[in-house]
file data-v4.cif (mmCIF, C-alpha atoms and all ligand atoms)
data_protein
#
loop_
_atom_site.group_PDB
_atom_site.id
_atom_site.type_symbol
_atom_site.label_atom_id
_atom_site.label_comp_id
_atom_site.auth_asym_id
_atom_site.auth_seq_id
_atom_site.Cartn_x
_atom_site.Cartn_y
_atom_site.Cartn_z
ATOM 1 C CA MET J 1 -10.632 21.789 10.154
ATOM 2 C CA THR J 2 -12.561 21.998 6.884
ATOM 3 C CA THR J 3 -12.040 23.435 3.441
ATOM 4 C CA GLY J 4 -15.440 24.133 2.056
ATOM 5 C CA THR J 5 -17.401 21.071 3.067
ATOM 6 C CA ALA J 6 -14.488 18.621 2.854
ATOM 7 C CA LEU J 7 -13.290 17.328 6.194
ATOM 8 C CA MET J 8 -9.523 17.315 6.629
ATOM 9 C CA LYS J 9 -7.998 13.933 7.350
ATOM 10 C CA ASP J 10 -5.973 13.584 10.556
ATOM 11 C CA VAL J 11 -2.317 12.587 10.453
ATOM 12 C CA ILE J 12 -1.740 9.206 12.120
ATOM 13 C CA GLY J 13 2.024 9.401 11.912
ATOM 14 C CA ILE J 14 5.141 10.008 9.876
ATOM 15 C CA TYR J 15 7.213 6.895 9.183
ATOM 16 C CA ARG J 16 10.814 6.353 8.129
ATOM 17 C CA PRO J 17 11.932 3.243 6.225
ATOM 18 C CA GLY J 18 11.612 0.224 8.505
ATOM 19 C CA SER J 19 14.131 -1.837 6.563
ATOM 20 C CA THR J 20 16.770 -1.453 3.872
ATOM 21 C CA HIS J 21 17.755 -4.359 1.642
ATOM 22 C CA MET J 22 18.660 -5.504 -1.872
ATOM 23 C CA VAL J 23 15.997 -7.128 -4.025
ATOM 24 C CA GLY J 24 18.053 -9.469 -6.192
ATOM 25 C CA ASP J 25 21.218 -7.611 -7.143
ATOM 26 C CA GLY J 26 19.504 -4.735 -8.956
ATOM 27 C CA PHE J 27 17.095 -3.013 -6.604
ATOM 28 C CA PRO J 28 18.475 -1.418 -3.433
ATOM 29 C CA VAL J 29 15.273 -0.631 -1.558
ATOM 30 C CA ARG J 30 14.093 1.211 1.486
ATOM 31 C CA ASN J 31 10.851 -0.353 2.689
ATOM 32 C CA LEU J 32 8.103 1.793 4.228
ATOM 33 C CA PHE J 33 5.603 -1.005 4.722
ATOM 34 C CA PRO J 34 4.972 -3.724 5.731
ATOM 35 C CA SER J 35 8.134 -3.084 7.812
ATOM 36 C CA ASN J 36 6.272 -0.365 9.733
ATOM 37 C CA GLU J 37 3.298 -2.665 10.435
ATOM 38 C CA LEU J 38 0.752 -0.448 8.754
ATOM 39 C CA ASP J 39 -1.477 -3.100 7.138
ATOM 40 C CA ARG J 40 -4.818 -1.652 8.190
ATOM 41 C CA GLU J 41 -3.838 1.972 7.703
ATOM 42 C CA VAL J 42 -2.499 1.555 4.147
ATOM 43 C CA SER J 43 -4.887 -1.082 2.737
ATOM 44 C CA PRO J 44 -5.374 -1.822 -0.175
ATOM 45 C CA PHE J 45 -1.608 -1.284 -0.464
ATOM 46 C CA LEU J 46 0.548 -4.096 0.948
ATOM 47 C CA MET J 47 4.077 -2.979 0.274
ATOM 48 C CA LEU J 48 6.060 0.128 -0.629
ATOM 49 C CA ASP J 49 9.666 -0.420 -1.694
ATOM 50 C CA TYR J 50 11.614 2.698 -2.624
ATOM 51 C CA ALA J 51 14.517 1.776 -4.915
ATOM 52 C CA GLY J 52 17.516 4.086 -5.260
ATOM 53 C CA PRO J 53 18.323 6.546 -6.576
ATOM 54 C CA GLN J 54 21.548 4.614 -7.017
ATOM 55 C CA TYR J 55 24.192 4.579 -9.739
ATOM 56 C CA PHE J 56 25.080 1.227 -11.282
ATOM 57 C CA THR J 57 28.316 0.651 -13.179
ATOM 58 C CA PRO J 58 28.167 -0.699 -16.755
ATOM 59 C CA THR J 59 27.790 -4.457 -17.042
ATOM 60 C CA ALA J 60 27.141 -7.033 -19.750
ATOM 61 C CA HIS J 61 25.022 -9.008 -17.264
ATOM 62 C CA PRO J 62 21.909 -7.010 -16.307
ATOM 63 C CA ARG J 63 21.231 -6.865 -12.589
ATOM 64 C CA GLY J 64 17.842 -7.663 -11.145
ATOM 65 C CA VAL J 65 15.662 -10.462 -9.845
ATOM 66 C CA GLY J 66 15.382 -13.793 -11.633
ATOM 67 C CA GLU J 67 12.341 -16.013 -12.044
ATOM 68 C CA HIS J 68 9.970 -15.860 -9.051
ATOM 69 C CA PRO J 69 6.197 -16.224 -8.503
ATOM 70 C CA HIS J 70 3.392 -14.013 -7.177
ATOM 71 C CA ARG J 71 -0.225 -14.779 -6.276
ATOM 72 C CA GLY J 72 -3.092 -12.857 -4.726
ATOM 73 C CA PHE J 73 -2.198 -9.235 -5.501
ATOM 74 C CA GLU J 74 -0.776 -6.763 -8.027
ATOM 75 C CA THR J 75 2.723 -5.335 -8.403
ATOM 76 C CA VAL J 76 2.954 -1.724 -9.544
ATOM 77 C CA THR J 77 6.348 -0.427 -10.648
ATOM 78 C CA ILE J 78 6.910 3.292 -11.213
ATOM 79 C CA VAL J 79 10.217 4.282 -12.796
ATOM 80 C CA TYR J 80 11.850 7.696 -12.238
ATOM 81 C CA ALA J 81 15.297 6.962 -13.674
ATOM 82 C CA GLY J 82 16.794 4.002 -15.495
ATOM 83 C CA MET J 83 15.055 1.298 -17.483
ATOM 84 C CA VAL J 84 13.420 -1.865 -16.124
ATOM 85 C CA ALA J 85 12.562 -4.940 -18.183
ATOM 86 C CA HIS J 86 9.909 -7.470 -17.242
ATOM 87 C CA ARG J 87 8.925 -10.860 -18.625
ATOM 88 C CA ASP J 88 6.269 -13.220 -17.259
ATOM 89 C CA SER J 89 4.786 -16.682 -17.664
ATOM 90 C CA ALA J 90 1.513 -15.254 -19.022
ATOM 91 C CA GLY J 91 3.492 -14.180 -22.100
ATOM 92 C CA ASN J 92 3.718 -10.485 -21.202
ATOM 93 C CA ALA J 93 6.950 -8.575 -21.579
ATOM 94 C CA GLY J 94 7.817 -4.916 -21.505
ATOM 95 C CA VAL J 95 10.377 -2.241 -20.807
ATOM 96 C CA ILE J 96 9.538 0.835 -18.763
ATOM 97 C CA GLY J 97 11.595 3.989 -18.376
ATOM 98 C CA PRO J 98 11.327 7.383 -16.661
ATOM 99 C CA GLY J 99 7.695 8.344 -16.030
ATOM 100 C CA ASP J 100 6.334 4.949 -17.056
ATOM 101 C CA VAL J 101 4.358 2.550 -14.895
ATOM 102 C CA GLN J 102 3.898 -1.188 -15.081
ATOM 103 C CA TRP J 103 0.759 -2.527 -13.429
ATOM 104 C CA MET J 104 0.897 -6.301 -13.194
ATOM 105 C CA THR J 105 -2.061 -8.226 -11.823
ATOM 106 C CA ALA J 106 -0.626 -11.518 -10.608
ATOM 107 C CA ALA J 107 -4.024 -12.704 -9.288
ATOM 108 C CA SER J 108 -4.103 -16.554 -9.525
ATOM 109 C CA GLY J 109 -0.396 -16.645 -10.208
ATOM 110 C CA ILE J 110 2.417 -15.776 -12.526
ATOM 111 C CA VAL J 111 6.145 -16.342 -12.614
ATOM 112 C CA HIS J 112 8.211 -13.368 -13.725
ATOM 113 C CA GLU J 113 11.628 -11.757 -13.794
ATOM 114 C CA GLU J 114 12.566 -8.100 -13.282
ATOM 115 C CA PHE J 115 15.904 -6.869 -14.583
ATOM 116 C CA HIS J 116 17.660 -3.680 -15.568
ATOM 117 C CA GLU J 117 17.059 -3.297 -19.302
ATOM 118 C CA LYS J 118 20.007 -4.574 -21.385
ATOM 119 C CA GLU J 119 21.188 -1.283 -22.925
ATOM 120 C CA PHE J 120 20.741 0.585 -19.633
ATOM 121 C CA ALA J 121 22.810 -2.085 -17.885
ATOM 122 C CA LYS J 122 25.470 -1.958 -20.604
ATOM 123 C CA ASN J 123 25.836 1.830 -20.365
ATOM 124 C CA GLY J 124 25.441 2.034 -16.611
ATOM 125 C CA GLY J 125 23.330 4.687 -14.955
ATOM 126 C CA THR J 126 21.051 5.678 -12.142
ATOM 127 C CA LEU J 127 18.130 3.491 -11.134
ATOM 128 C CA HIS J 128 15.296 5.205 -9.281
ATOM 129 C CA ALA J 129 11.909 3.499 -8.900
ATOM 130 C CA ILE J 130 9.086 2.535 -6.598
ATOM 131 C CA GLN J 131 7.387 -0.818 -6.355
ATOM 132 C CA LEU J 132 4.010 -1.101 -4.691
ATOM 133 C CA TRP J 133 2.087 -4.250 -3.973
ATOM 134 C CA VAL J 134 -1.670 -3.728 -4.190
ATOM 135 C CA ASN J 135 -3.957 -6.246 -2.534
ATOM 136 C CA LEU J 136 -6.846 -7.931 -4.319
ATOM 137 C CA PRO J 137 -10.135 -8.779 -2.615
ATOM 138 C CA LYS J 138 -10.909 -12.451 -2.037
ATOM 139 C CA THR J 139 -13.221 -12.477 -5.066
ATOM 140 C CA SER J 140 -10.334 -11.500 -7.391
ATOM 141 C CA LYS J 141 -7.329 -13.301 -5.899
ATOM 142 C CA MET J 142 -7.812 -16.303 -8.206
ATOM 143 C CA SER J 143 -8.753 -14.357 -11.352
ATOM 144 C CA ALA J 144 -6.659 -14.668 -14.506
ATOM 145 C CA PRO J 145 -3.423 -12.633 -14.486
ATOM 146 C CA SER J 146 -3.213 -9.457 -16.555
ATOM 147 C CA TYR J 147 -0.750 -6.734 -17.347
ATOM 148 C CA GLN J 148 -0.842 -3.004 -18.146
ATOM 149 C CA THR J 149 2.059 -1.003 -19.494
ATOM 150 C CA ILE J 150 1.241 2.638 -18.779
ATOM 151 C CA LEU J 151 3.585 4.957 -20.605
ATOM 152 C CA ASN J 152 4.370 8.458 -19.381
ATOM 153 C CA THR J 153 2.611 9.884 -22.448
ATOM 154 C CA ALA J 154 -0.671 8.215 -21.381
ATOM 155 C CA ILE J 155 -0.604 9.752 -17.887
ATOM 156 C CA PRO J 156 -2.455 13.088 -17.593
ATOM 157 C CA ALA J 157 -0.304 15.823 -16.059
ATOM 158 C CA ILE J 158 -2.107 18.725 -14.412
ATOM 159 C CA GLU J 159 -0.256 21.975 -13.807
ATOM 160 C CA LEU J 160 -1.119 23.463 -10.429
ATOM 161 C CA GLU J 161 -2.119 27.073 -9.953
ATOM 162 C CA GLY J 162 0.772 29.488 -9.753
ATOM 163 C CA GLY J 163 3.078 27.190 -11.701
ATOM 164 C CA LEU J 164 4.402 25.690 -8.491
ATOM 165 C CA GLY J 165 3.700 22.079 -9.228
ATOM 166 C CA ARG J 166 2.382 19.287 -11.354
ATOM 167 C CA VAL J 167 0.218 16.267 -10.602
ATOM 168 C CA ARG J 168 0.418 13.140 -12.764
ATOM 169 C CA VAL J 169 -2.726 11.031 -12.387
ATOM 170 C CA ILE J 170 -1.791 7.352 -12.590
ATOM 171 C CA ALA J 171 -5.029 6.005 -11.092
ATOM 172 C CA GLY J 172 -8.260 7.530 -9.846
ATOM 173 C CA SER J 173 -9.340 11.020 -10.627
ATOM 174 C CA PHE J 174 -7.805 14.405 -9.820
ATOM 175 C CA GLN J 175 -9.593 17.643 -10.677
ATOM 176 C CA GLY J 176 -11.812 15.693 -13.048
ATOM 177 C CA ARG J 177 -8.971 14.013 -14.934
ATOM 178 C CA ASN J 178 -8.868 10.215 -14.824
ATOM 179 C CA GLY J 179 -5.716 8.155 -14.578
ATOM 180 C CA PRO J 180 -5.236 5.364 -17.145
ATOM 181 C CA ALA J 181 -4.691 2.480 -14.706
ATOM 182 C CA ARG J 182 -7.526 -0.027 -14.508
ATOM 183 C CA THR J 183 -7.862 -1.030 -10.872
ATOM 184 C CA VAL J 184 -9.837 -3.832 -9.246
ATOM 185 C CA THR J 185 -10.875 -1.792 -6.207
ATOM 186 C CA PRO J 186 -11.039 2.040 -6.142
ATOM 187 C CA ILE J 187 -7.531 3.498 -5.952
ATOM 188 C CA GLU J 188 -6.043 6.976 -6.286
ATOM 189 C CA LEU J 189 -2.377 7.150 -7.223
ATOM 190 C CA TYR J 190 -0.914 10.595 -7.914
ATOM 191 C CA ASP J 191 2.679 11.473 -8.682
ATOM 192 C CA LEU J 192 3.408 15.010 -7.510
ATOM 193 C CA HIS J 193 6.216 17.377 -8.252
ATOM 194 C CA LEU J 194 5.989 20.477 -6.082
ATOM 195 C CA ARG J 195 8.381 23.386 -6.109
ATOM 196 C CA ALA J 196 9.336 25.105 -2.847
ATOM 197 C CA GLY J 197 6.224 26.945 -1.661
ATOM 198 C CA GLY J 198 3.921 24.845 -3.854
ATOM 199 C CA ALA J 199 0.814 23.094 -2.545
ATOM 200 C CA ALA J 200 -1.563 20.448 -3.823
ATOM 201 C CA SER J 201 -5.133 20.191 -2.644
ATOM 202 C CA VAL J 202 -6.297 16.579 -2.835
ATOM 203 C CA ASP J 203 -9.932 15.496 -2.520
ATOM 204 C CA LEU J 204 -10.526 11.800 -1.932
ATOM 205 C CA PRO J 205 -13.629 9.686 -1.490
ATOM 206 C CA GLU J 206 -14.735 9.590 2.149
ATOM 207 C CA GLY J 207 -13.467 6.486 3.933
ATOM 208 C CA HIS J 208 -10.451 5.875 1.719
ATOM 209 C CA ASN J 209 -7.102 5.290 3.345
ATOM 210 C CA ALA J 210 -4.421 7.741 2.255
ATOM 211 C CA SER J 211 -0.736 8.423 2.655
ATOM 212 C CA SER J 212 1.840 10.634 1.003
ATOM 213 C CA PHE J 213 5.377 9.420 0.395
ATOM 214 C CA VAL J 214 8.043 12.092 0.112
ATOM 215 C CA MET J 215 10.699 10.699 -2.188
ATOM 216 C CA GLN J 216 12.791 13.806 -2.355
ATOM 217 C CA GLY J 217 12.516 17.217 -0.748
ATOM 218 C CA ARG J 218 10.430 18.157 2.233
ATOM 219 C CA ALA J 219 6.655 18.435 2.532
ATOM 220 C CA SER J 220 3.880 18.461 5.115
ATOM 221 C CA GLY J 221 0.336 17.159 4.828
ATOM 222 C CA ASN J 222 -2.598 18.421 6.888
ATOM 223 C CA GLY J 223 -0.396 19.561 9.705
ATOM 224 C CA PRO J 224 2.701 21.354 10.822
ATOM 225 C CA ASP J 225 5.036 18.337 10.766
ATOM 226 C CA ALA J 226 6.988 17.877 7.567
ATOM 227 C CA ALA J 227 8.298 14.650 6.095
ATOM 228 C CA GLY J 228 11.752 14.520 4.534
ATOM 229 C CA GLU J 229 13.403 12.172 2.051
ATOM 230 C CA ALA J 230 11.931 8.643 2.053
ATOM 231 C CA GLU J 231 9.367 9.417 4.743
ATOM 232 C CA LEU J 232 5.685 8.503 4.643
ATOM 233 C CA ILE J 233 2.840 10.577 6.076
ATOM 234 C CA VAL J 234 -0.114 8.325 6.900
ATOM 235 C CA TYR J 235 -3.580 9.846 7.267
ATOM 236 C CA GLY J 236 -6.639 8.593 9.110
ATOM 237 C CA ARG J 237 -9.482 6.898 7.289
ATOM 238 C CA SER J 238 -12.177 9.464 8.000
ATOM 239 C CA GLY J 239 -12.311 12.769 6.205
ATOM 240 C CA SER J 240 -11.700 13.356 2.551
ATOM 241 C CA HIS J 241 -9.225 16.165 2.125
ATOM 242 C CA VAL J 242 -5.438 16.417 2.204
ATOM 243 C CA THR J 243 -3.394 19.552 1.551
ATOM 244 C CA ILE J 244 0.244 18.868 0.768
ATOM 245 C CA GLU J 245 2.669 21.764 1.110
ATOM 246 C CA ALA J 246 6.290 21.618 0.014
ATOM 247 C CA SER J 247 8.974 23.714 1.663
ATOM 248 C CA GLU J 248 11.586 22.443 -0.803
ATOM 249 C CA ASP J 249 11.469 21.193 -4.368
ATOM 250 C CA SER J 250 9.781 17.826 -3.737
ATOM 251 C CA ARG J 251 8.694 14.623 -5.417
ATOM 252 C CA ILE J 252 5.753 13.012 -3.631
ATOM 253 C CA LEU J 253 3.619 9.958 -4.340
ATOM 254 C CA VAL J 254 0.049 10.083 -2.999
ATOM 255 C CA LEU J 255 -1.416 6.620 -2.392
ATOM 256 C CA ALA J 256 -5.071 6.227 -1.511
ATOM 257 C CA GLY J 257 -7.829 3.702 -1.881
ATOM 258 C CA ARG J 258 -10.822 1.968 -0.432
ATOM 259 C CA PRO J 259 -9.565 -0.385 2.279
ATOM 260 C CA ILE J 260 -10.007 -4.119 1.724
ATOM 261 C CA GLU J 261 -11.409 -5.340 5.010
ATOM 262 C CA GLU J 262 -10.300 -8.969 4.838
ATOM 263 C CA PRO J 263 -7.707 -11.038 6.709
ATOM 264 C CA ILE J 264 -4.175 -10.877 5.250
ATOM 265 C CA ALA J 265 -2.028 -14.032 5.179
ATOM 266 C CA ARG J 266 1.467 -13.489 3.724
ATOM 267 C CA TYR J 267 4.235 -15.832 2.773
ATOM 268 C CA GLY J 268 7.020 -14.288 0.690
ATOM 269 C CA PRO J 269 5.598 -13.551 -2.774
ATOM 270 C CA PHE J 270 2.092 -14.811 -1.931
ATOM 271 C CA VAL J 271 -0.622 -12.786 -0.191
ATOM 272 C CA MET J 272 -3.888 -14.579 0.487
ATOM 273 C CA ASN J 273 -6.612 -14.546 3.163
ATOM 274 C CA THR J 274 -5.765 -17.784 5.023
ATOM 275 C CA GLN J 275 -2.818 -20.043 5.869
ATOM 276 C CA ALA J 276 -4.461 -22.881 3.921
ATOM 277 C CA GLU J 277 -4.509 -20.704 0.797
ATOM 278 C CA LEU J 278 -0.801 -19.968 1.285
ATOM 279 C CA VAL J 279 -0.019 -23.679 1.483
ATOM 280 C CA GLN J 280 -2.040 -24.142 -1.709
ATOM 281 C CA ALA J 281 -0.090 -21.306 -3.376
ATOM 282 C CA VAL J 282 3.261 -22.906 -2.520
ATOM 283 C CA ASN J 283 2.048 -26.303 -3.744
ATOM 284 C CA ASP J 284 0.641 -24.840 -6.969
ATOM 285 C CA TYR J 285 3.883 -22.973 -7.648
ATOM 286 C CA ARG J 286 5.981 -26.093 -7.032
ATOM 287 C CA ALA J 287 3.663 -28.081 -9.293
ATOM 288 C CA GLY J 288 4.285 -25.579 -12.086
ATOM 289 C CA LYS J 289 0.705 -24.295 -12.100
ATOM 290 C CA MET J 290 1.861 -20.652 -12.204
ATOM 291 C CA GLY J 291 3.702 -21.366 -15.417
ATOM 292 C CA HIS J 292 7.331 -20.959 -16.458
ATOM 293 C CA LEU J 293 9.376 -18.406 -18.348
ATOM 294 C CA ARG J 294 10.299 -19.492 -21.833
HETATM 295 MN MN MN J 301 8.232 -9.683 -8.574
#
call {"tool": "encode", "arguments": {"input": "data-v4.cif", "output": "structure tokens"}}
result
Amino acid sequence: MTTGTALMKDVIGIYRPGSTHMVGDGFPVRNLFPSNELDREVSPFLMLDYAGPQYFTPTAHPRGVGEHPHRGFETVTIVYAGMVAHRDSAGNAGVIGPGDVQWMTAASGIVHEEFHEKEFAKNGGTLHAIQLWVNLPKTSKMSAPSYQTILNTAIPAIELEGGLGRVRVIAGSFQGRNGPARTVTPIELYDLHLRAGGAASVDLPEGHNASSFVMQGRASGNGPDAAGEAELIVYGRSGSHVTIEASEDSRILVLAGRPIEEPIARYGPFVMNTQAELVQAVNDYRAGKMGHLR
């Protein structure tokens, strides 16, 4: 099927969370990948953890994840409700709230902590967020770490025709509007809110992987089968067009990008190309080469 000259992408499958677990004591997540073994189909993305929505009772001791390292990729945190505080060994710190995004390039290595922000923890409230891990190509895995705080106000929001939806462009370009995130390889990351009966027409570069994650509501993409809450529609690599149609009020994250065609070697918080590089990562971390939190 085509729309104009754009070839519709096929649907490979619709996936439910493959695991559910706590990250530290602050992030109750449903994992869509890698638990569904979708490495090739979702590259350059490595991980999608969907946190909450969950209510947390007030506490004087913020919940979260203490000091831990990363090397070889980026962590992207998108907050929908609640406040998340971050601090890392490269000297970066920040707090993100609803609509904000933190794009952290661990690259050669950082040590960081991720907690509920102090006041949010003290008052209690609902935490609702997504964390993605984005792979880096071999040539950038050992680059210097960097950090982008992308506030809601910096993210272009495009109202869809008919007033039935809104697209926030975090990365890549949608209808000529560019997202603020600086990415190492080409990535499109769109945060959609569609009302019942709303549709978004998404044009992507040919050959990019693409998927749409339905956080809340119910929506289909290029086909009759709809995805419900916490389900991921994964599209084939060929073709360039996706039409997303919501049958209920829905929140959807569209993830797309040029695949990184390199071997993936994973060990916990490290993602490299070879086992030897993983051993090096563990040794470098233990030797303090990824730094420490002050
Ligand atoms: Mn982390």
call {"tool": "residues_around", "arguments": {"input": "data-v4.cif", "residues": "range 283-291 of chain J", "least_positions_apart": "6", "cutoff": "12 Å", "atoms": "all atoms listed in the file", "output": "PyMOL selection string"}}
result
chain J and resi 67-72+88-91+106-112+142+144-145+269-270+276-277
call {"tool": "atom_distance", "arguments": {"input": "data-v4.cif", "atom1": "CA of Glu113 in chain J", "atom2": "CA of Arg87 in chain J"}}
result
5.6 Å
call {"tool": "resolve_selection", "arguments": {"input": "data-v4.cif", "expression": "the PyMOL selection byres (((chain J and resi 40-43) around 12) and not hetatm)", "output": "number ranges by chain"}}
result
J: 11-13, 32-34, 36-39, 44-48, 73, 132-137, 185-187, 207-213, 232-238, 254-264
call {"tool": "atom_distance", "arguments": {"input": "data-v4.cif", "atom1": "CA of Leu189 in chain J", "atom2": "CA of Ala171 in chain J"}}
result
4.8 Å
call {"tool": "atom_distance", "arguments": {"input": "data-v4.cif", "atom1": "CA of Ala181 in chain J", "atom2": "CA of Leu204 in chain J"}}
result
16.9 Å
call {"tool": "resolve_selection", "arguments": {"input": "data-v4.cif", "expression": "the PyMOL selection byres (((chain J and resi 101-103) around 9) and not hetatm)", "output": "ChimeraX atom specification"}}
result
/J:74-79,86,94-100,104-105,146-152,170,181-182
call {"tool": "closest_residue", "arguments": {"input": "data-v4.cif", "among": "J:Val202, J:Leu164, J:Ala196, J:Ala129", "to": "Met215 in chain J", "atoms": "only C-alpha atoms"}}
result
J:Ala129
call {"tool": "residues_around", "arguments": {"input": "data-v4.cif", "residues": "Gly179 in chain J", "least_positions_apart": "4", "cutoff": "9 Å", "atoms": "only C-alpha atoms", "output": "PyMOL selection string"}}
result
chain J and resi 154-156+168-174+188-190
call {"tool": "closest_residue", "arguments": {"input": "data-v4.cif", "among": "J:Met22, J:Ala51, J:Val65, J:Thr243", "to": "ligand MN 301 (chain J)", "atoms": "only C-alpha atoms and all ligand atoms"}}
result
J:Val65
call {"tool": "resolve_selection", "arguments": {"input": "data-v4.cif", "expression": "the PyMOL selection byres (((chain J and resi 216) around 6) and not hetatm)", "output": "MDAnalysis selection string"}}
result
chainID J and resid 214:215 217 229 250:251
call {"tool": "closest_residue", "arguments": {"input": "data-v4.cif", "among": "J:His128, J:Arg218, J:Arg294, J:Arg166", "to": "Ala200 in chain J", "atoms": "all atoms listed in the file"}}
result
J:Arg166
call {"tool": "closest_residue", "arguments": {"input": "data-v4.cif", "among": "J:Tyr15, J:Glu159, J:Asn273, J:Leu293", "to": "Ser140 in chain J", "atoms": "all atoms listed in the file"}}
result
J:Asn273
call {"tool": "closest_residue", "arguments": {"input": "data-v4.cif", "among": "J:Glu114, J:Gly24, J:Asp10, J:Pro58", "to": "ligand MN 301 (chain J)", "atoms": "only C-alpha atoms and all ligand atoms"}}
result
J:Glu114
call {"tool": "residues_around", "arguments": {"input": "data-v4.cif", "residues": "Val242 in chain J", "least_positions_apart": "6", "cutoff": "7 Å", "atoms": "all atoms listed in the file", "output": "PDB file with C-alpha atoms, in the coordinates of the input"}}
result
ATOM      1  CA  MET J   8      -9.523  17.315   6.629  1.00  0.00           C
ATOM      2  CA  LYS J   9      -7.998  13.933   7.350  1.00  0.00           C
ATOM      3  CA  SER J 201      -5.133  20.191  -2.644  1.00  0.00           C
ATOM      4  CA  VAL J 202      -6.297  16.579  -2.835  1.00  0.00           C
ATOM      5  CA  ASP J 203      -9.932  15.496  -2.520  1.00  0.00           C
ATOM      6  CA  GLY J 221       0.336  17.159   4.828  1.00  0.00           C
ATOM      7  CA  ASN J 222      -2.598  18.421   6.888  1.00  0.00           C
TER       8      ASN J 222
END
call {"tool": "closest_residue", "arguments": {"input": "data-v4.cif", "among": "J:Leu194, J:Leu160, J:Ile130, J:Val167", "to": "Val29 in chain J", "atoms": "all atoms listed in the file"}}
result
J:Ile130
call {"tool": "axis_aligned_box", "arguments": {"input": "data-v4.cif", "around": "range 198-214 of chain J", "padding_each_side": "3 Å", "output": "lines of an AutoDock Vina configuration file"}}
result
center_x = -3.3
center_y = 15.1
center_z = 0.0
size_x = 28.8
size_y = 25.6
size_z = 13.8
call {"tool": "residues_around", "arguments": {"input": "data-v4.cif", "residues": "Phe115 in chain J", "least_positions_apart": "2", "cutoff": "8 Å", "atoms": "all atoms listed in the file", "output": "list in words"}}
result
Gly26, Pro62, Arg63, Gly64, Val65, Gly66, Val84, Ala85, His86, Glu113 and Glu117 of chain J
call {"tool": "build_atoms", "arguments": {"input": "data-v4.cif", "residues": "range 244-255 of chain J", "atoms": "N, CA, C and O atoms", "output": "compact mmCIF listing (two decimals), in the frame of the given file"}}
result
# COMPACT_ATOMS: atom_id res chain seq x y z
N ILE J 244 -1.19 19.16 0.69
CA ILE J 244 0.24 18.87 0.77
C ILE J 244 1.01 20.13 0.42
O ILE J 244 0.75 20.76 -0.61
N GLU J 245 1.91 20.53 1.31
CA GLU J 245 2.67 21.76 1.11
C GLU J 245 4.17 21.47 1.15
O GLU J 245 4.65 20.86 2.10
N ALA J 246 4.86 21.89 0.11
CA ALA J 246 6.29 21.62 0.01
C ALA J 246 7.10 22.85 0.44
O ALA J 246 6.82 23.96 0.00
N SER J 247 8.09 22.61 1.28
CA SER J 247 8.97 23.71 1.66
C SER J 247 10.26 23.69 0.84
O SER J 247 11.05 24.62 0.87
N GLU J 248 10.46 22.56 0.13
CA GLU J 248 11.59 22.44 -0.80
C GLU J 248 11.04 21.83 -2.09
O GLU J 248 9.95 21.28 -2.10
N ASP J 249 11.82 21.89 -3.14
CA ASP J 249 11.47 21.19 -4.37
C ASP J 249 11.28 19.71 -4.00
O ASP J 249 12.20 19.09 -3.45
N SER J 250 10.09 19.17 -4.25
CA SER J 250 9.78 17.83 -3.74
C SER J 250 9.11 16.94 -4.77
O SER J 250 8.34 17.40 -5.61
N ARG J 251 9.42 15.65 -4.67
CA ARG J 251 8.69 14.62 -5.42
C ARG J 251 7.93 13.79 -4.40
O ARG J 251 8.53 13.27 -3.45
N ILE J 252 6.62 13.66 -4.62
CA ILE J 252 5.75 13.01 -3.63
C ILE J 252 4.80 12.06 -4.36
O ILE J 252 4.23 12.42 -5.39
N LEU J 253 4.63 10.87 -3.79
CA LEU J 253 3.62 9.96 -4.34
C LEU J 253 2.46 9.90 -3.35
O LEU J 253 2.66 9.62 -2.17
N VAL J 254 1.25 10.19 -3.83
CA VAL J 254 0.05 10.08 -3.00
C VAL J 254 -0.62 8.75 -3.30
O VAL J 254 -0.91 8.45 -4.46
N LEU J 255 -0.80 7.94 -2.25
CA LEU J 255 -1.42 6.62 -2.39
C LEU J 255 -2.70 6.60 -1.59
O LEU J 255 -2.67 6.86 -0.39
